[in-house]
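Q: Data: run00.json, JSON, C-alpha atoms.
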[["chain", "number", "residue", "atom", "x", "y", "z"],
["Q", 1, "MET", "CA", 109.04, 122.29, 90.96],
["Q", 2, "ARG", "CA", 108.83, 118.60, 90.19],
["Q", 3, "PRO", "CA", 110.67, 116.44, 92.76],
["Q", 4, "GLN", "CA", 113.57, 114.19, 91.75],
["Q", 5, "ALA", "CA", 111.71, 111.28, 93.37],
["Q", 6, "VAL", "CA", 108.78, 110.59, 95.68],
["Q", 7, "PHE", "CA", 109.21, 108.22, 98.61],
["Q", 8, "PHE", "CA", 106.15, 106.53, 100.07],
["Q", 9, "ASP", "CA", 105.77, 104.98, 103.49],
["Q", 10, "LEU", "CA", 103.63, 101.83, 103.59],
["Q", 11, "ASP", "CA", 101.69, 101.12, 106.79],
["Q", 12, "GLY", "CA", 99.20, 103.85, 107.55],
["Q", 13, "THR", "CA", 100.21, 105.91, 104.53],
["Q", 14, "LEU", "CA", 99.29, 103.68, 101.59],
["Q", 15, "HIS", "CA", 97.86, 100.69, 103.39],
["Q", 16, "ASP", "CA", 95.62, 100.16, 106.43],
["Q", 17, "SER", "CA", 97.21, 97.26, 108.26],
["Q", 18, "ASP", "CA", 96.03, 98.28, 111.76],
["Q", 19, "PRO", "CA", 93.14, 95.76, 112.03],
["Q", 20, "VAL", "CA", 95.40, 92.90, 110.97],
["Q", 21, "TRP", "CA", 98.09, 93.88, 113.46],
["Q", 22, "GLN", "CA", 95.58, 94.28, 116.27],
["Q", 23, "ASP", "CA", 94.23, 90.78, 115.67],
["Q", 24, "ALA", "CA", 97.76, 89.38, 115.49],
["Q", 25, "MET", "CA", 98.80, 91.09, 118.72],
["Q", 26, "PHE", "CA", 95.77, 89.68, 120.56],
["Q", 27, "ALA", "CA", 96.74, 86.27, 119.21],
["Q", 28, "LEU", "CA", 100.30, 86.82, 120.48],
["Q", 29, "ALA", "CA", 98.94, 87.57, 123.94],
["Q", 30, "GLU", "CA", 96.88, 84.37, 123.82],
["Q", 31, "ARG", "CA", 99.96, 82.47, 122.70],
["Q", 32, "HIS", "CA", 101.64, 83.47, 125.94],
["Q", 33, "GLU", "CA", 98.45, 83.07, 128.00],
["Q", 34, "ALA", "CA", 98.74, 86.74, 128.91],
["Q", 35, "VAL", "CA", 95.97, 89.23, 129.55],
["Q", 36, "ALA", "CA", 95.83, 92.00, 126.94],
["Q", 37, "VAL", "CA", 95.68, 94.92, 129.37],
["Q", 38, "THR", "CA", 94.31, 98.27, 128.23],
["Q", 39, "GLY", "CA", 96.87, 100.10, 126.11],
["Q", 40, "ALA", "CA", 99.04, 97.03, 125.53],
["Q", 41, "PHE", "CA", 98.96, 97.57, 121.78],
["Q", 42, "ASP", "CA", 99.00, 101.38, 121.68],
["Q", 43, "GLY", "CA", 101.80, 103.41, 120.14],
["Q", 44, "LEU", "CA", 103.06, 100.75, 117.73],
["Q", 45, "GLN", "CA", 102.71, 102.93, 114.64],
["Q", 46, "GLY", "CA", 105.96, 103.25, 112.72],
["Q", 47, "LEU", "CA", 107.80, 100.56, 114.68],
["Q", 48, "SER", "CA", 109.52, 97.54, 113.17],
["Q", 49, "THR", "CA", 108.13, 94.13, 114.16],
["Q", 50, "PRO", "CA", 110.99, 93.36, 116.60],
["Q", 51, "GLU", "CA", 110.48, 96.75, 118.27],
["Q", 52, "ALA", "CA", 106.71, 96.22, 118.50],
["Q", 53, "VAL", "CA", 107.08, 92.69, 119.85],
["Q", 54, "ALA", "CA", 109.57, 93.79, 122.50],
["Q", 55, "LEU", "CA", 107.29, 96.63, 123.60],
["Q", 56, "VAL", "CA", 104.16, 94.45, 123.73],
["Q", 57, "ARG", "CA", 105.91, 91.61, 125.55],
["Q", 58, "GLY", "CA", 107.03, 94.07, 128.20],
["Q", 59, "ARG", "CA", 103.53, 95.44, 128.63],
["Q", 60, "LEU", "CA", 102.09, 91.93, 128.86],
["Q", 61, "GLY", "CA", 104.66, 90.89, 131.44],
["Q", 62, "VAL", "CA", 106.10, 88.18, 129.19],
["Q", 63, "ALA", "CA", 109.68, 87.49, 130.24],
["Q", 64, "GLY", "CA", 112.28, 85.30, 128.57],
["Q", 65, "GLY", "CA", 111.36, 82.86, 125.86],
["Q", 66, "ASP", "CA", 112.05, 82.94, 122.17],
["Q", 67, "VAL", "CA", 111.67, 86.58, 121.13],
["Q", 68, "PRO", "CA", 112.88, 86.03, 117.53],
["Q", 69, "GLY", "CA", 110.43, 83.13, 117.38],
["Q", 70, "ASP", "CA", 107.61, 85.49, 118.37],
["Q", 71, "VAL", "CA", 108.68, 87.89, 115.61],
["Q", 72, "ARG", "CA", 108.68, 85.13, 112.98],
["Q", 73, "TRP", "CA", 105.35, 83.74, 114.21],
["Q", 74, "LEU", "CA", 103.73, 87.17, 114.17],
["Q", 75, "GLU", "CA", 105.07, 88.16, 110.76],
["Q", 76, "GLU", "CA", 103.99, 84.90, 109.16],
["Q", 77, "ARG", "CA", 100.49, 85.37, 110.56],
["Q", 78, "VAL", "CA", 100.27, 88.99, 109.42],
["Q", 79, "SER", "CA", 101.76, 88.18, 106.03],
["Q", 80, "ARG", "CA", 99.09, 85.57, 105.33],
["Q", 81, "ALA", "CA", 96.33, 87.97, 106.34],
["Q", 82, "LEU", "CA", 97.68, 90.80, 104.21],
["Q", 83, "ALA", "CA", 98.02, 88.57, 101.17],
["Q", 84, "GLU", "CA", 94.42, 87.38, 101.51],
["Q", 85, "GLN", "CA", 92.89, 90.84, 101.76],
["Q", 86, "PRO", "CA", 95.17, 93.82, 101.07],
["Q", 87, "ALA", "CA", 93.52, 96.99, 102.39],
["Q", 88, "TRP", "CA", 95.00, 99.80, 100.32],
["Q", 89, "HIS", "CA", 93.72, 103.23, 101.26],
["Q", 90, "PRO", "CA", 91.32, 104.74, 98.69],
["Q", 91, "GLY", "CA", 93.28, 106.49, 95.96],
["Q", 92, "ALA", "CA", 96.67, 105.33, 97.29],
["Q", 93, "LEU", "CA", 97.72, 103.24, 94.32],
["Q", 94, "ASP", "CA", 96.28, 105.80, 91.90],
["Q", 95, "LEU", "CA", 98.50, 108.46, 93.46],
["Q", 96, "VAL", "CA", 101.60, 106.34, 92.96],
["Q", 97, "ARG", "CA", 100.57, 105.73, 89.35],
["Q", 98, "GLU", "CA", 100.06, 109.47, 88.87],
["Q", 99, "VAL", "CA", 103.57, 110.17, 90.11],
["Q", 100, "ARG", "CA", 105.05, 107.53, 87.80],
["Q", 101, "ALA", "CA", 103.04, 108.81, 84.85],
["Q", 102, "ALA", "CA", 104.61, 112.22, 85.43],
["Q", 103, "GLY", "CA", 108.03, 110.63, 84.99],
["Q", 104, "VAL", "CA", 109.00, 110.89, 88.65],
["Q", 105, "PRO", "CA", 110.76, 107.85, 90.19],
["Q", 106, "THR", "CA", 109.03, 106.24, 93.15],
["Q", 107, "ALA", "CA", 110.32, 104.33, 96.15],
["Q", 108, "LEU", "CA", 108.61, 102.44, 98.93],
["Q", 109, "VAL", "CA", 110.42, 103.12, 102.21],
["Q", 110, "THR", "CA", 109.16, 101.10, 105.16],
["Q", 111, "SER", "CA", 110.29, 99.60, 108.46],
["Q", 112, "SER", "CA", 108.24, 96.49, 107.67],
["Q", 113, "SER", "CA", 110.22, 93.35, 106.92],
["Q", 114, "ARG", "CA", 110.60, 91.84, 103.48],
["Q", 115, "ILE", "CA", 108.08, 89.05, 104.10],
["Q", 116, "LEU", "CA", 105.37, 91.61, 104.90],
["Q", 117, "VAL", "CA", 106.20, 93.86, 101.96],
["Q", 118, "ASP", "CA", 106.27, 90.95, 99.52],
["Q", 119, "SER", "CA", 102.83, 89.84, 100.68],
["Q", 120, "LEU", "CA", 101.41, 93.20, 99.54],
["Q", 121, "LEU", "CA", 103.40, 93.95, 96.40],
["Q", 122, "THR", "CA", 101.47, 91.56, 94.20],
["Q", 123, "GLY", "CA", 98.85, 92.05, 91.52],
["Q", 124, "PRO", "CA", 98.26, 95.74, 90.68],
["Q", 125, "ALA", "CA", 100.87, 96.86, 93.21],
["Q", 126, "ALA", "CA", 103.68, 94.63, 91.95],
["Q", 127, "ALA", "CA", 105.37, 97.13, 89.61],
["Q", 128, "LEU", "CA", 104.47, 100.46, 91.19],
["Q", 129, "PHE", "CA", 107.84, 101.27, 92.75],
["Q", 130, "ASP", "CA", 111.23, 101.70, 91.13],
["Q", 131, "ILE", "CA", 112.90, 100.52, 94.32],
["Q", 132, "VAL", "CA", 111.84, 99.18, 97.72],
["Q", 133, "VAL", "CA", 113.67, 99.74, 101.00],
["Q", 134, "ASN", "CA", 112.34, 97.53, 103.78],
["Q", 135, "GLY", "CA", 113.37, 96.97, 107.37],
["Q", 136, "ASP", "CA", 115.66, 94.09, 106.43],
["Q", 137, "ASP", "CA", 117.72, 96.37, 104.18],
["Q", 138, "VAL", "CA", 119.01, 98.69, 106.91],
["Q", 139, "ALA", "CA", 120.82, 98.43, 110.21],
["Q", 140, "ARG", "CA", 118.69, 101.23, 111.73],
["Q", 141, "VAL", "CA", 115.02, 101.68, 110.91],
["Q", 142, "LYS", "CA", 112.93, 104.83, 111.25],
["Q", 143, "PRO", "CA", 113.23, 107.33, 112.95],
["Q", 144, "HIS", "CA", 116.89, 107.02, 111.92],
["Q", 145, "PRO", "CA", 117.48, 108.62, 108.50],
["Q", 146, "GLU", "CA", 119.21, 105.53, 107.07],
["Q", 147, "PRO", "CA", 116.13, 104.16, 105.20],
["Q", 148, "TYR", "CA", 115.60, 107.40, 103.27],
["Q", 149, "ARG", "CA", 119.28, 107.94, 102.65],
["Q", 150, "LEU", "CA", 119.50, 104.43, 101.22],
["Q", 151, "ALA", "CA", 116.46, 105.01, 98.98],
["Q", 152, "ALA", "CA", 118.00, 108.21, 97.60],
["Q", 153, "ALA", "CA", 121.34, 106.50, 97.04],
["Q", 154, "ARG", "CA", 119.74, 103.61, 95.17],
["Q", 155, "LEU", "CA", 117.88, 106.02, 92.90],
["Q", 156, "GLY", "CA", 120.91, 108.26, 92.49],
["Q", 157, "VAL", "CA", 119.09, 111.39, 93.68],
["Q", 158, "ASP", "CA", 119.67, 114.08, 96.29],
["Q", 159, "PRO", "CA", 117.32, 113.69, 99.31],
["Q", 160, "ALA", "CA", 116.91, 117.47, 99.34],
["Q", 161, "GLY", "CA", 115.23, 117.22, 95.94],
["Q", 162, "CYS", "CA", 112.83, 114.49, 97.03],
["Q", 163, "VAL", "CA", 109.45, 114.34, 98.74],
["Q", 164, "ALA", "CA", 108.57, 111.74, 101.37],
["Q", 165, "VAL", "CA", 104.94, 110.90, 102.11],
["Q", 166, "GLU", "CA", 104.56, 109.79, 105.72],
["Q", 167, "ASP", "CA", 101.99, 109.45, 108.49],
["Q", 168, "SER", "CA", 103.88, 108.67, 111.71],
["Q", 169, "PRO", "CA", 106.24, 110.66, 113.96],
["Q", 170, "ALA", "CA", 109.00, 108.09, 113.42],
["Q", 171, "GLY", "CA", 108.60, 108.26, 109.66],
["Q", 172, "THR", "CA", 108.48, 112.02, 109.39],
["Q", 173, "ALA", "CA", 111.53, 112.31, 111.65],
["Q", 174, "SER", "CA", 113.43, 109.80, 109.49],
["Q", 175, "ALA", "CA", 112.65, 111.58, 106.23],
["Q", 176, "ALA", "CA", 113.35, 115.04, 107.62],
["Q", 177, "ALA", "CA", 116.68, 113.94, 109.10],
["Q", 178, "ALA", "CA", 117.66, 112.54, 105.69],
["Q", 179, "GLY", "CA", 116.99, 115.97, 104.18],
["Q", 180, "CYS", "CA", 113.74, 115.18, 102.35],
["Q", 181, "HIS", "CA", 110.74, 117.44, 102.04],
["Q", 182, "VAL", "CA", 108.00, 115.73, 104.05],
["Q", 183, "VAL", "CA", 104.26, 115.56, 103.42],
["Q", 184, "ASP", "CA", 102.66, 114.35, 106.65],
["Q", 185, "ILE", "CA", 99.26, 113.00, 105.63],
["Q", 186, "SER", "CA", 98.14, 112.82, 109.25],
["Q", 187, "ARG", "CA", 97.93, 116.63, 109.06],
["Q", 188, "LEU", "CA", 95.80, 116.69, 105.91],
["Q", 189, "PRO", "CA", 92.04, 117.23, 106.35],
["Q", 190, "ASP", "CA", 91.33, 114.64, 103.66],
["Q", 191, "ARG", "CA", 93.73, 111.83, 102.74],
["Q", 192, "VAL", "CA", 92.02, 111.34, 99.36],
["Q", 193, "ALA", "CA", 92.82, 114.96, 98.47],
["Q", 194, "LEU", "CA", 96.54, 114.12, 98.33],
["Q", 195, "ASN", "CA", 97.65, 114.55, 94.74],
["Q", 196, "LEU", "CA", 100.69, 115.31, 92.62],
["Q", 197, "ASP", "CA", 100.35, 119.08, 93.15],
["Q", 198, "LEU", "CA", 100.89, 118.61, 96.89],
["Q", 199, "LEU", "CA", 104.07, 116.67, 96.17],
["Q", 200, "ARG", "CA", 105.82, 119.48, 94.32],
["Q", 201, "LEU", "CA", 108.79, 121.24, 95.93]]
Let me see the structure of the file written as structure tokens.
A:
Amino acid sequence: MRPQAVFFDLDGTLHDSDPVWQDAMFALAERHEAVAVTGAFDGLQGLSTPEAVALVRGRLGVAGGDVPGDVRWLEERVSRALAEQPAWHPGALDLVREVRAAGVPTALVTSSSRILVDSLLTGPAAALFDIVVNGDDVARVKPHPEPYRLAAARLGVDPAGCVAVEDSPAGTASAAAAGCHVVDISRLPDRVALNLDLLRL
């Protein structure tokens, strides 16, 4: 059965932002003259920038200071890098186009802030999604179900009739708690094999 809508996560699912974030986190450590100990940047997948910054600062032993300033500094750096060289996963944008061509509404549902999302949704990606829910739109990001509930509400659809494409534990938990059917691409043997048939209910 064709879904009422398909919700796509961004980082890790459609786009490979890991190298950019790794570079930015090393730069953040240098900014605080801290040593990037082994594992300092592990386990950040699916987190919002404030959550990631708080976790990394704790691991680096950085106390006090301007935490919101670190968030702004980091996001501005990452945003510039993403705009210069967006690294969409092979076939990712084609899949979204395939869904739209089938007449199924699409939504981008991400914990990333608006500045990061806007840096990517340019050029061929600018008009791919009917709506976008970013981390600035909600009071509680993934794994809370609020992002997916908001996406469904904005599209006027029932989450139970929708499919969410995710790659992280936080994202899959968020979508499942909202009542969506979840396709976890981290469990697929081949990401490129993801197609419209796998998104049917």
Q: Using all atoms listed in the file, which protein or nucleic acid residues come within 9 Å of stretch 170-173 of chain Q? Drop anything in the same chain fewer than 6 positions from it, and give the result as JSON, numbers by chain.
A: {"Q": [9, 45, 46, 47, 110, 111, 142, 143, 144, 145, 164, 182, 183, 184]}
Q: Using only C-alpha atoms, determine which residues lie at most 8 Å from stretch 14-31 of chain Q, disregarding the query and same-chain residues fewer than 6 positions distant; provide the list as an mmCIF file with C-alpha atoms, in the frame of the given file.
A:
data_model
loop_
_atom_site.group_PDB
_atom_site.id
_atom_site.type_symbol
_atom_site.label_atom_id
_atom_site.label_comp_id
_atom_site.auth_asym_id
_atom_site.auth_seq_id
_atom_site.Cartn_x
_atom_site.Cartn_y
_atom_site.Cartn_z
ATOM 1 C CA PHE Q 8 106.150 106.530 100.070
ATOM 2 C CA PHE Q 41 98.960 97.570 121.780
ATOM 3 C CA LEU Q 60 102.090 91.930 128.860
ATOM 4 C CA ASP Q 70 107.610 85.490 118.370
ATOM 5 C CA LEU Q 74 103.730 87.170 114.170
ATOM 6 C CA ARG Q 77 100.490 85.370 110.560
ATOM 7 C CA VAL Q 78 100.270 88.990 109.420
ATOM 8 C CA ALA Q 81 96.330 87.970 106.340
ATOM 9 C CA LEU Q 82 97.680 90.800 104.210
ATOM 10 C CA PRO Q 86 95.170 93.820 101.070
ATOM 11 C CA ALA Q 87 93.520 96.990 102.390
ATOM 12 C CA TRP Q 88 95.000 99.800 100.320
ATOM 13 C CA HIS Q 89 93.720 103.230 101.260
ATOM 14 C CA ALA Q 92 96.670 105.330 97.290
ATOM 15 C CA LEU Q 93 97.720 103.240 94.320
#
Q: Write out as a ChimeraX atom specification each polymer residue whose atoms come within 10 Å of Q:Ser186, counting all atoms listed in the file; drop sequence neighbours fewer than 6 positions from it.
A: /Q:12-13,166-169
Q: Quick one: everything within 12 Å of Q:Gly64, counting only C-alpha atoms, minus sequence neighbours fewer than 6 positions away in the same chain. Send it as a list in words.
A: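 The residues that qualify are His32, Ala54, Arg57, Gly58 and Asp70 of chain Q.
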Q: Pick from Q:Leu150, Q:Val37, Q:Ile115, Q:Leu44: nearest to Q:Ala83, with all atoms listed in the file counted?
A: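 Ranked by minimum distance to Q:Ala83, first place goes to Q:Ile115.
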Q: Between Q:Ala153, Q:Ala34, Q:Ala139, Q:Val109, which is the closest to Q:Ala63 once you count all atoms listed in the file?
A: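 Closest candidate: Q:Ala34.
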Q: Atom CA of Q:Pro3 and atom CA of Q:Val104, how far apart in Å?
A: 7.1 Å
Q: Residues proximal to (111.2, 115.9, 101.2) were defined as those with any atom within 9 Å of that point in the file's coordinates, counting all atoms listed in the file. Which are they, as a list in words?
A: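 Residues lying no farther than 9 Å from the given point: Pro3, Val6, Phe7, Pro159, Ala160, Gly161, Cys162, Val163, Ala164, Val165, Ala175, Ala176, Ala178, Gly179, Cys180, His181, Val182, Val183, Leu199 and Leu201 of chain Q.
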Q: Store the residues picked out above in a file with C-alpha atoms, as a PDB file, in the coordinates of the input.
A:
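Listing of selection_2.pdb after writing:
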ATOM      1  CA  PRO Q   3     110.670 116.440  92.760  1.00  0.00           C
ATOM      2  CA  VAL Q   6     108.780 110.590  95.680  1.00  0.00           C
ATOM      3  CA  PHE Q   7     109.210 108.220  98.610  1.00  0.00           C
ATOM      4  CA  PRO Q 159     117.320 113.690  99.310  1.00  0.00           C
ATOM      5  CA  ALA Q 160     116.910 117.470  99.340  1.00  0.00           C
ATOM      6  CA  GLY Q 161     115.230 117.220  95.940  1.00  0.00           C
ATOM      7  CA  CYS Q 162     112.830 114.490  97.030  1.00  0.00           C
ATOM      8  CA  VAL Q 163     109.450 114.340  98.740  1.00  0.00           C
ATOM      9  CA  ALA Q 164     108.570 111.740 101.370  1.00  0.00           C
ATOM     10  CA  VAL Q 165     104.940 110.900 102.110  1.00  0.00           C
ATOM     11  CA  ALA Q 175     112.650 111.580 106.230  1.00  0.00           C
ATOM     12  CA  ALA Q 176     113.350 115.040 107.620  1.00  0.00           C
ATOM     13  CA  ALA Q 178     117.660 112.540 105.690  1.00  0.00           C
ATOM     14  CA  GLY Q 179     116.990 115.970 104.180  1.00  0.00           C
ATOM     15  CA  CYS Q 180     113.740 115.180 102.350  1.00  0.00           C
ATOM     16  CA  HIS Q 181     110.740 117.440 102.040  1.00  0.00           C
ATOM     17  CA  VAL Q 182     108.000 115.730 104.050  1.00  0.00           C
ATOM     18  CA  VAL Q 183     104.260 115.560 103.420  1.00  0.00           C
ATOM     19  CA  LEU Q 199     104.070 116.670  96.170  1.00  0.00           C
ATOM     20  CA  LEU Q 201     108.790 121.240  95.930  1.00  0.00           C
TER      21      LEU Q 201
END
Q: Work out how far apart atom CA of Q:Arg2 and atom CA of Q:Leu155 are and give it in Å to one decimal.
A: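 It comes out at 15.7 Å.
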Q: Choose the residue, out of Q:Gly103, Q:Pro68, Q:Gly39, Q:Gly123, that has the smallest atom-to-atom separation from Q:Gln85; count all atoms listed in the file.
A: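 The closest residue to Q:Gln85 is Q:Gly123.
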Q: Find the distance between atom CA of Q:Thr106 and atom CA of Q:Phe129 and write it in Å to one decimal.
A: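 It comes out at 5.1 Å.
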Q: Nearest to Q:Ala101 among Q:Leu128, Q:Asp137, Q:Glu76, Q:Met1, with distances taken over all atoms listed in the file: which residue is it?
A: Q:Leu128
